[in-house]
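Novice: data-v3.cif is reproduced below (mmCIF, C-alpha atoms).
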```cif
data_protein
#
loop_
_atom_site.group_PDB
_atom_site.id
_atom_site.type_symbol
_atom_site.label_atom_id
_atom_site.label_comp_id
_atom_site.auth_asym_id
_atom_site.auth_seq_id
_atom_site.Cartn_x
_atom_site.Cartn_y
_atom_site.Cartn_z
ATOM 1 C CA MET N 1 1.181 9.920 43.025
ATOM 2 C CA THR N 2 0.850 8.204 39.678
ATOM 3 C CA LEU N 3 0.522 9.899 36.287
ATOM 4 C CA GLU N 4 -3.188 9.023 36.183
ATOM 5 C CA GLU N 5 -3.788 10.832 39.504
ATOM 6 C CA LEU N 6 -2.382 14.165 38.310
ATOM 7 C CA PRO N 7 -4.636 17.008 37.082
ATOM 8 C CA GLY N 8 -5.411 17.042 33.363
ATOM 9 C CA ASP N 9 -2.772 19.569 32.237
ATOM 10 C CA GLN N 10 -0.038 18.005 34.331
ATOM 11 C CA ARG N 11 -1.008 14.532 33.139
ATOM 12 C CA THR N 12 -0.766 15.659 29.509
ATOM 13 C CA ALA N 13 2.628 17.252 30.153
ATOM 14 C CA GLY N 14 3.767 14.069 31.881
ATOM 15 C CA ARG N 15 2.656 11.927 28.929
ATOM 16 C CA MET N 16 4.488 14.215 26.512
ATOM 17 C CA GLU N 17 7.670 14.118 28.585
ATOM 18 C CA GLN N 18 7.607 10.327 28.849
ATOM 19 C CA ALA N 19 6.953 9.994 25.117
ATOM 20 C CA GLY N 20 9.855 12.342 24.348
ATOM 21 C CA ASP N 21 12.211 10.265 26.490
ATOM 22 C CA ALA N 22 10.973 7.069 24.835
ATOM 23 C CA LEU N 23 11.454 8.529 21.352
ATOM 24 C CA GLN N 24 15.016 9.541 22.137
ATOM 25 C CA GLU N 25 15.752 6.002 23.329
ATOM 26 C CA VAL N 26 14.171 4.423 20.248
ATOM 27 C CA LEU N 27 16.125 6.710 17.908
ATOM 28 C CA SER N 28 19.420 5.984 19.666
ATOM 29 C CA LYS N 29 18.876 2.233 19.400
ATOM 30 C CA ALA N 30 17.649 2.395 15.806
ATOM 31 C CA LEU N 31 20.650 4.533 14.830
ATOM 32 C CA SER N 32 23.065 1.988 16.274
ATOM 33 C CA GLN N 33 21.210 -0.773 14.409
ATOM 34 C CA ARG N 34 21.108 1.213 11.144
ATOM 35 C CA SER N 35 17.332 0.917 11.150
ATOM 36 C CA LEU N 36 16.625 4.518 10.134
ATOM 37 C CA THR N 37 15.700 5.984 6.752
ATOM 38 C CA LEU N 38 16.349 9.728 6.469
ATOM 39 C CA GLY N 39 14.795 12.215 4.085
ATOM 40 C CA VAL N 40 11.440 12.799 2.424
ATOM 41 C CA TYR N 41 12.317 11.155 -0.888
ATOM 42 C CA GLU N 42 14.107 8.157 0.620
ATOM 43 C CA ALA N 43 11.206 7.679 3.024
ATOM 44 C CA ALA N 44 8.667 7.863 0.196
ATOM 45 C CA LYS N 45 10.562 5.198 -1.748
ATOM 46 C CA LEU N 46 10.711 2.851 1.244
ATOM 47 C CA LEU N 47 7.041 3.374 2.106
ATOM 48 C CA ASN N 48 6.111 2.522 -1.457
ATOM 49 C CA VAL N 49 8.249 -0.642 -1.573
ATOM 50 C CA ASP N 50 8.150 -2.071 1.965
ATOM 51 C CA PRO N 51 5.650 -0.349 4.292
ATOM 52 C CA ASP N 52 5.195 -3.461 6.461
ATOM 53 C CA ASN N 53 8.689 -3.076 7.918
ATOM 54 C CA VAL N 54 8.152 0.539 8.997
ATOM 55 C CA VAL N 55 7.198 0.836 12.670
ATOM 56 C CA LEU N 56 7.311 4.620 13.127
ATOM 57 C CA CYS N 57 7.356 7.764 10.975
ATOM 58 C CA LEU N 58 8.636 11.132 12.196
ATOM 59 C CA LEU N 59 8.023 14.473 10.521
ATOM 60 C CA ALA N 60 10.036 17.550 11.459
ATOM 61 C CA ALA N 61 10.112 21.155 10.281
ATOM 62 C CA ASP N 62 11.153 24.400 11.937
ATOM 63 C CA GLU N 63 9.026 27.554 12.017
ATOM 64 C CA GLU N 64 10.504 28.942 8.802
ATOM 65 C CA GLU N 65 9.729 25.712 6.924
ATOM 66 C CA GLU N 66 6.107 25.616 8.056
ATOM 67 C CA GLY N 67 5.335 27.961 5.149
ATOM 68 C CA ASP N 68 7.052 25.743 2.567
ATOM 69 C CA ALA N 69 4.088 24.638 0.445
ATOM 70 C CA ALA N 70 5.967 21.820 -1.312
ATOM 71 C CA LEU N 71 7.200 20.360 1.983
ATOM 72 C CA GLN N 72 3.729 20.520 3.525
ATOM 73 C CA ILE N 73 2.293 18.680 0.509
ATOM 74 C CA HIS N 74 4.881 15.944 1.022
ATOM 75 C CA PHE N 75 3.938 15.779 4.711
ATOM 76 C CA THR N 76 0.249 15.477 3.867
ATOM 77 C CA LEU N 77 0.881 12.625 1.426
ATOM 78 C CA ILE N 78 3.120 10.780 3.887
ATOM 79 C CA GLN N 79 0.578 11.201 6.687
ATOM 80 C CA ALA N 80 -2.197 9.821 4.522
ATOM 81 C CA PHE N 81 -0.109 6.831 3.474
ATOM 82 C CA CYS N 82 0.886 6.063 7.064
ATOM 83 C CA CYS N 83 -2.721 6.210 8.245
ATOM 84 C CA GLU N 84 -3.804 3.831 5.493
ATOM 85 C CA ASN N 85 -1.028 1.370 6.341
ATOM 86 C CA ASP N 86 -1.343 1.401 10.147
ATOM 87 C CA ILE N 87 2.014 3.157 10.658
ATOM 88 C CA ASN N 88 2.276 5.364 13.729
ATOM 89 C CA ILE N 89 3.338 8.916 12.974
ATOM 90 C CA LEU N 90 4.683 11.758 15.128
ATOM 91 C CA ARG N 91 5.580 15.391 14.515
ATOM 92 C CA VAL N 92 8.835 16.493 16.168
ATOM 93 C CA SER N 93 8.662 20.082 17.408
ATOM 94 C CA ASN N 94 12.413 20.658 17.793
ATOM 95 C CA PRO N 95 14.183 19.496 14.606
ATOM 96 C CA ALA N 96 17.507 20.924 15.820
ATOM 97 C CA ARG N 97 17.534 18.396 18.666
ATOM 98 C CA LEU N 98 16.618 15.647 16.209
ATOM 99 C CA ALA N 99 19.669 16.599 14.139
ATOM 100 C CA GLN N 100 21.868 16.449 17.238
ATOM 101 C CA LEU N 101 20.708 12.916 17.948
ATOM 102 C CA LEU N 102 20.984 11.559 14.418
ATOM 103 C CA LEU N 103 23.941 13.597 13.116
ATOM 104 C CA PRO N 104 26.142 14.099 16.177
ATOM 105 C CA ASP N 105 29.327 14.733 14.182
ATOM 106 C CA GLY N 106 27.967 17.543 12.011
ATOM 107 C CA GLY N 107 30.687 18.481 9.567
ATOM 108 C CA PRO N 108 31.097 20.554 6.411
ATOM 109 C CA GLU N 109 28.996 18.257 4.191
ATOM 110 C CA PRO N 110 25.565 19.448 2.984
ATOM 111 C CA PRO N 111 22.968 18.965 5.726
ATOM 112 C CA THR N 112 21.052 15.693 5.644
ATOM 113 C CA ASP N 113 17.314 15.907 5.041
ATOM 114 C CA LEU N 114 15.663 15.126 8.381
ATOM 115 C CA HIS N 115 12.184 16.339 7.483
ATOM 116 C CA CYS N 116 11.062 12.709 7.481
ATOM 117 C CA VAL N 117 12.605 9.849 9.464
ATOM 118 C CA LEU N 118 11.403 6.250 9.312
ATOM 119 C CA VAL N 119 12.184 3.663 11.980
ATOM 120 C CA THR N 120 12.212 0.185 10.464
ATOM 121 C CA VAL N 121 12.198 -3.295 11.909
ATOM 122 C CA SER N 122 15.440 -4.378 13.582
ATOM 123 C CA PRO N 123 16.389 -7.331 15.815
ATOM 124 C CA LEU N 124 16.743 -4.884 18.716
ATOM 125 C CA LEU N 125 13.209 -3.537 18.447
ATOM 126 C CA MET N 126 11.444 -6.750 17.467
ATOM 127 C CA THR N 127 11.719 -10.326 18.636
ATOM 128 C CA GLN N 128 10.005 -13.665 18.470
ATOM 129 C CA CYS N 129 7.890 -13.820 21.611
ATOM 130 C CA ARG N 130 6.242 -16.225 23.980
ATOM 131 C CA TRP N 131 3.372 -14.924 26.105
ATOM 132 C CA PRO N 132 3.604 -16.032 29.741
ATOM 133 C CA GLY N 133 0.541 -17.110 31.676
ATOM 134 C CA GLU N 134 -2.821 -17.378 30.004
ATOM 135 C CA VAL N 135 -2.469 -14.717 27.312
ATOM 136 C CA PRO N 136 -1.451 -16.450 24.068
ATOM 137 C CA PRO N 137 -1.280 -14.377 20.861
ATOM 138 C CA ALA N 138 -4.043 -16.586 19.437
ATOM 139 C CA SER N 139 -6.478 -14.909 21.825
ATOM 140 C CA TRP N 140 -6.441 -11.768 19.665
ATOM 141 C CA PRO N 141 -8.994 -11.589 16.870
ATOM 142 C CA GLN N 142 -7.545 -11.747 13.401
ATOM 143 C CA GLY N 143 -6.712 -8.286 12.094
ATOM 144 C CA THR N 144 -6.092 -6.697 15.519
ATOM 145 C CA PRO N 145 -4.048 -3.506 14.905
ATOM 146 C CA ARG N 146 -0.420 -3.955 15.834
ATOM 147 C CA ASP N 147 -0.365 -0.842 18.023
ATOM 148 C CA GLN N 148 -3.224 -2.280 20.092
ATOM 149 C CA MET N 149 -1.155 -5.398 20.672
ATOM 150 C CA CYS N 150 1.797 -3.172 21.593
ATOM 151 C CA CYS N 151 -0.284 -1.385 24.214
ATOM 152 C CA TYR N 152 -1.273 -4.701 25.728
ATOM 153 C CA LEU N 153 2.328 -5.871 25.772
ATOM 154 C CA SER N 154 3.507 -2.647 27.402
ATOM 155 C CA ALA N 155 0.813 -2.832 30.093
ATOM 156 C CA PHE N 156 1.528 -6.511 30.714
ATOM 157 C CA HIS N 157 5.231 -5.811 31.111
ATOM 158 C CA ALA N 158 4.544 -2.891 33.488
ATOM 159 C CA GLN N 159 2.273 -4.993 35.706
ATOM 160 C CA THR N 160 4.269 -8.223 35.798
ATOM 161 C CA GLY N 161 7.842 -7.305 34.949
ATOM 162 C CA LEU N 162 7.878 -10.250 32.535
ATOM 163 C CA ILE N 163 9.364 -9.935 29.068
ATOM 164 C CA PRO N 164 8.256 -12.221 26.226
ATOM 165 C CA GLN N 165 10.825 -14.852 25.312
ATOM 166 C CA GLN N 166 11.759 -16.543 22.097
ATOM 167 C CA ASN N 167 9.247 -18.716 20.304
ATOM 168 C CA PRO N 168 9.328 -19.490 16.562
ATOM 169 C CA HIS N 169 5.535 -19.342 16.218
ATOM 170 C CA SER N 170 4.658 -15.750 17.165
ATOM 171 C CA SER N 171 6.190 -12.255 17.113
ATOM 172 C CA GLN N 172 5.397 -8.964 18.823
ATOM 173 C CA TRP N 173 7.192 -5.871 20.064
ATOM 174 C CA LYS N 174 10.165 -6.329 22.356
ATOM 175 C CA ASP N 175 11.466 -2.866 23.171
ATOM 176 C CA PRO N 176 9.610 -1.143 26.073
ATOM 177 C CA ALA N 177 10.381 2.352 24.737
ATOM 178 C CA LEU N 178 8.888 1.523 21.344
ATOM 179 C CA SER N 179 5.855 -0.046 23.012
ATOM 180 C CA GLN N 180 5.396 3.141 25.032
ATOM 181 C CA LEU N 181 5.474 5.244 21.861
ATOM 182 C CA MET N 182 2.898 2.994 20.197
ATOM 183 C CA CYS N 183 0.584 3.475 23.179
ATOM 184 C CA PHE N 184 1.143 7.239 23.123
ATOM 185 C CA CYS N 185 0.154 7.374 19.443
ATOM 186 C CA ARG N 186 -2.921 5.251 20.028
ATOM 187 C CA GLU N 187 -4.083 7.315 23.019
ATOM 188 C CA SER N 188 -3.537 10.492 20.997
ATOM 189 C CA ARG N 189 -5.769 9.169 18.207
ATOM 190 C CA TYR N 190 -8.503 8.536 20.765
ATOM 191 C CA MET N 191 -8.286 12.287 21.468
ATOM 192 C CA ASP N 192 -8.458 13.085 17.717
ATOM 193 C CA GLN N 193 -4.746 13.910 17.581
ATOM 194 C CA TRP N 194 -3.850 11.906 14.506
ATOM 195 C CA VAL N 195 -0.341 13.333 14.226
ATOM 196 C CA PRO N 196 0.651 14.203 17.800
ATOM 197 C CA VAL N 197 3.434 16.714 18.298
ATOM 198 C CA ILE N 198 6.301 15.581 20.496
ATOM 199 C CA ASN N 199 9.289 17.404 21.955
ATOM 200 C CA LEU N 200 12.633 15.638 22.202
ATOM 201 C CA PRO N 201 14.355 16.254 25.566
ATOM 202 C CA GLU N 202 17.287 18.635 25.421
ATOM 203 C CA ARG N 203 20.685 17.629 26.717
#
```
Could you spell out this file's structure in structure tokens?
Specialist:
Amino acid sequence: MTLEELPGDQRTAGRMEQAGDALQEVLSKALSQRSLTLGVYEAAKLLNVDPDNVVLCLLAADEEEEGDAALQIHFTLIQAFCCENDINILRVSNPARLAQLLLPDGGPEPPTDLHCVLVTVSPLLMTQCRWPGEVPPASWPQGTPRDQMCCYLSAFHAQTGLIPQQNPHSSQWKDPALSQLMCFCRESRYMDQWVPVINLPER
């Protein structure tokens, strides 16, 4: 039985679980590539200077911090900026697990601000691509949102098993996990979930 054949509640749970696994994979790769920006203020500075290189924004706060008015104002401003600049955004429901992934060593130093995490472009997550078959990038209308192109790439890869190869004239998403997250965000927006909440899998 495929995910699409499951009842509604189970299908939603399945989508959330797959998205959580994909997010963990993306974060692990981005961490190894040093393609992460941590903290509300550092994220705000990067978004202001170079938003085009940001591929994903994560917001995280525990139950006690949900009542922090200043933090929620920051979240609102970041969400608005991401929406205006076509940056996919997710809310992480278990910030403690996020800290385990990004700060595995811990230590006595003051805790790092993980309320906002940006994933930026890296060679591991992006590549110059060649579209096999009869689907050249030129077939997309000018101005097609990048997450829509990601969804197409992810579906194409799932159906054919083919991965785009190097070509100096076009570029799209390479990493299947990132493509899956882009599709999850897009599908969530279709359901009026503009900042979908996601749960990172526990160890």
Novice: May I ask which of the residues N:Glu17, N:Asp175, N:Leu56, N:Leu101 is the closest one to Cys83 of chain N, counting only C-alpha atoms?
Specialist: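 Going through N:Glu17, N:Asp175, N:Leu56, N:Leu101 one by one, the smallest distance to Cys83 of chain N is for N:Leu56.
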Novice: Let me know the residues the PyMOL selection byres ((chain N and resi 36) around 9) catches in the file above, as a list in words.
Specialist: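 Those residues are Leu27, Ala30, Leu31, Gln33, Arg34, Ser35, Thr37, Leu38, Val117, Leu118, Val119 and Thr120 of chain N.
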Novice: Identify which of the residues N:Ser28, N:Thr12, N:Asn94, N:Asn88 lies closest to Cys183 of chain N, counting only C-alpha atoms when measuring atom-to-atom distances.
Specialist: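 Closest to Cys183 of chain N of all the choices is N:Asn88.
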Novice: Quick one: which residues end up in the PyMOL selection byres ((chain N and resi 39-48) around 6) for this structure, as a ChimeraX atom specification?
Specialist: /N:38,49-51,113-116
Novice: Hey, what comes out of the PyMOL selection byres ((chain N and resi 196) around 9) on this file? Could you write it as a PDB file with C-alpha atoms, keeping the file's coordinate frame?
Specialist:
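Wrote out.pdb, looks like this:
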```
ATOM      1  CA  ILE N  89       3.338   8.916  12.974  1.00  0.00           C
ATOM      2  CA  LEU N  90       4.683  11.758  15.128  1.00  0.00           C
ATOM      3  CA  ARG N  91       5.580  15.391  14.515  1.00  0.00           C
ATOM      4  CA  VAL N  92       8.835  16.493  16.168  1.00  0.00           C
ATOM      5  CA  PHE N 184       1.143   7.239  23.123  1.00  0.00           C
ATOM      6  CA  CYS N 185       0.154   7.374  19.443  1.00  0.00           C
ATOM      7  CA  SER N 188      -3.537  10.492  20.997  1.00  0.00           C
ATOM      8  CA  ARG N 189      -5.769   9.169  18.207  1.00  0.00           C
ATOM      9  CA  GLN N 193      -4.746  13.910  17.581  1.00  0.00           C
ATOM     10  CA  TRP N 194      -3.850  11.906  14.506  1.00  0.00           C
ATOM     11  CA  VAL N 195      -0.341  13.333  14.226  1.00  0.00           C
ATOM     12  CA  VAL N 197       3.434  16.714  18.298  1.00  0.00           C
ATOM     13  CA  ILE N 198       6.301  15.581  20.496  1.00  0.00           C
TER      14      ILE N 198
END
```
Novice: In Å, with one decimal, what is the gap from atom CA of Asp52 of chain N to atom CA of Leu102 of chain N?
Specialist: 23.2 Å
Novice: Could you work out how far atom CA of Leu58 of chain N lies from atom CA of Ile73 of chain N, giving the answer in Å with one decimal?
Specialist: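 A separation of 15.3 Å between them.
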Novice: What is the atom CA of Val55 of chain N-atom CA of Asp86 of chain N distance in Å, reported with one decimal?
Specialist: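 Separating atom CA of Val55 of chain N from atom CA of Asp86 of chain N is a distance of 8.9 Å.
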Novice: Go through N:Ser32, N:Gln100, N:Thr112, N:Gln180 and flag the residue nearest Pro201 of chain N, using only C-alpha atoms for the distances.
Specialist: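 Of N:Ser32, N:Gln100, N:Thr112, N:Gln180, the one nearest Pro201 of chain N, counting only C-alpha atoms, is N:Gln100.
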Novice: Assuming 5 Å of padding per side, give the centre and edge lengths of the axis-aligned box around every listed atom of segment 64-74 of chain N, in Å to one decimal and as JSON.
Specialist:
```
{"center_x": 6.4, "center_y": 22.4, "center_z": 3.7, "size_x": 18.2, "size_y": 23.0, "size_z": 20.1}
```
